[in-house]
Amino acid sequence: MIPPTPTRPIARLVADLGSENAVDREAAVARLTVIGSRAVERLVRVVESDALPIARVAALGALEAIGDARSLDAIVHAIDDRDAGVTVAAVVAARGFLRGAHGAAALDRLTAAALDRERPETVRAAAVRAIGELDRATVKPLLAKLADDPSEAVRAAAALRIGRKRALDPTAILADAAENGLSDDPAALRNALVDGGATAALPHLVRIVDRIREREQAVPTVQRPEWMNARAAAHGALANRDSRIALYDLKESLETGTPLPVEFLAALSRIGDTSCLEPIAAAYARANGDPWWRQHLADLFQAIAKRERVTVRSAVMKRIAKRWPEIVASR
């Protein structure tokens, strides 16, 4: 049996949600997400407090990933927050409850936000995109009403979800891929990830990473690079949002011994932490026949070690120096 996480570490992680350092904030979000339901009450308090917007946005991101119904009241109330960034984060978090037992409460608040012309259009458009993921018959009257809205952004969001045009909306494509399975077109999926990854639900992006990895293993070898490029785009979308929730897949990908698309390296460079250094060192040692890959791994190792302030005296660097001295010497 796993012992419960002590209160003090959770409190420390919650405090890091307000850090000015984006890496520290996202590390806290990732760890709180893993802690899960035990962290919900603390995260709700942050959302309901007068903490800085960056802290409340981070807390909403963690609650979105956890998906615990106890957070719904705080999330839907945050849709009315005065800070647009907090409101958009709340809209995205509320979207995850639309198809569950509490869907009516989430839908009511999102509908009110979509129709309120006093709100910023970024908030209204985000609400429309969230609502538009529901069954067409359920949302068609609302979308038809918004088709003549004064806001161009709101009209565009509504139009993309009416009839066949919805199929062109990258957020809808990603939602469908996460919930119903992948199509047979990795290039189209990659394009949707590039275009819609910034607003897609984080759990959708993680599910897509897992689905693509499964597909890569099932298709003929000649088709795998296209699917790997799509998975790289998913990691790029997550890294651009400073999310580490799929960092496990990046580390496991290094263990394959195969050079990875540059998007993998870019994602690792942005969100990689100390736990990535040993997999990178091992990949570096296996890359003797590929100077390009080897140099990129060395650069990545150095970048992460510098950002994470890992010195040669640290335990992890001593382990690496013992097994893979060449990469330590390359610093």
# chains A, B, ... in the order shown; residues from 1 in each chain; ligands from 1
>>> residues_around(residues="Pro259 (chain A)", least_positions_apart="2", cutoff="7 Å", atoms="only C-alpha atoms", output="ChimeraX atom specification")
/A:257,261,293
>>> residues_around(residues="region 64-67 of chain A", least_positions_apart="3", cutoff="12 Å", atoms="only C-alpha atoms", output="PyMOL selection string")
chain A and resi 29-41+43-44+47+57-61+70-72+74-76+89-100+102+200-207+243-246
>>> atom_distance(atom1="CA of Gly197 (chain A)", atom2="CA of Leu63 (chain A)")
18.7 Å
>>> atom_distance(atom1="CA of Ile208 (chain A)", atom2="CA of Glu255 (chain A)")
20.3 Å
>>> closest_residue(among="A:Arg224, A:Arg155, A:Arg309, A:Arg231", to="Leu189 (chain A)", atoms="only C-alpha atoms")
A:Arg231
>>> atom_distance(atom1="CA of Arg241 (chain A)", atom2="CA of Arg270 (chain A)")
10.0 Å
>>> closest_residue(among="A:Ile280, A:Val154, A:Leu143, A:Ala130", to="Ala175 (chain A)", atoms="only C-alpha atoms")
A:Ala130
>>> residues_around(residues="Glu133 (chain A)", least_positions_apart="4", cutoff="9 Å", atoms="only C-alpha atoms", output="list of chain:residue names")
A:Arg95, A:Leu98, A:Val128, A:Arg129, A:Val139, A:Arg161, A:Thr171, A:Ala172, A:Ala175, A:Asp176
>>> closest_residue(among="A:Val328, A:Ala267, A:Ala237, A:Ala62", to="Ala281 (chain A)", atoms="only C-alpha atoms")
A:Val328
>>> select_by_dssp(residues="region 92-124 of chain A", states="alpha helix (DSSP H)", output="VMD selection string")
chain A and resid 92 to 95 103 to 115 121 to 124
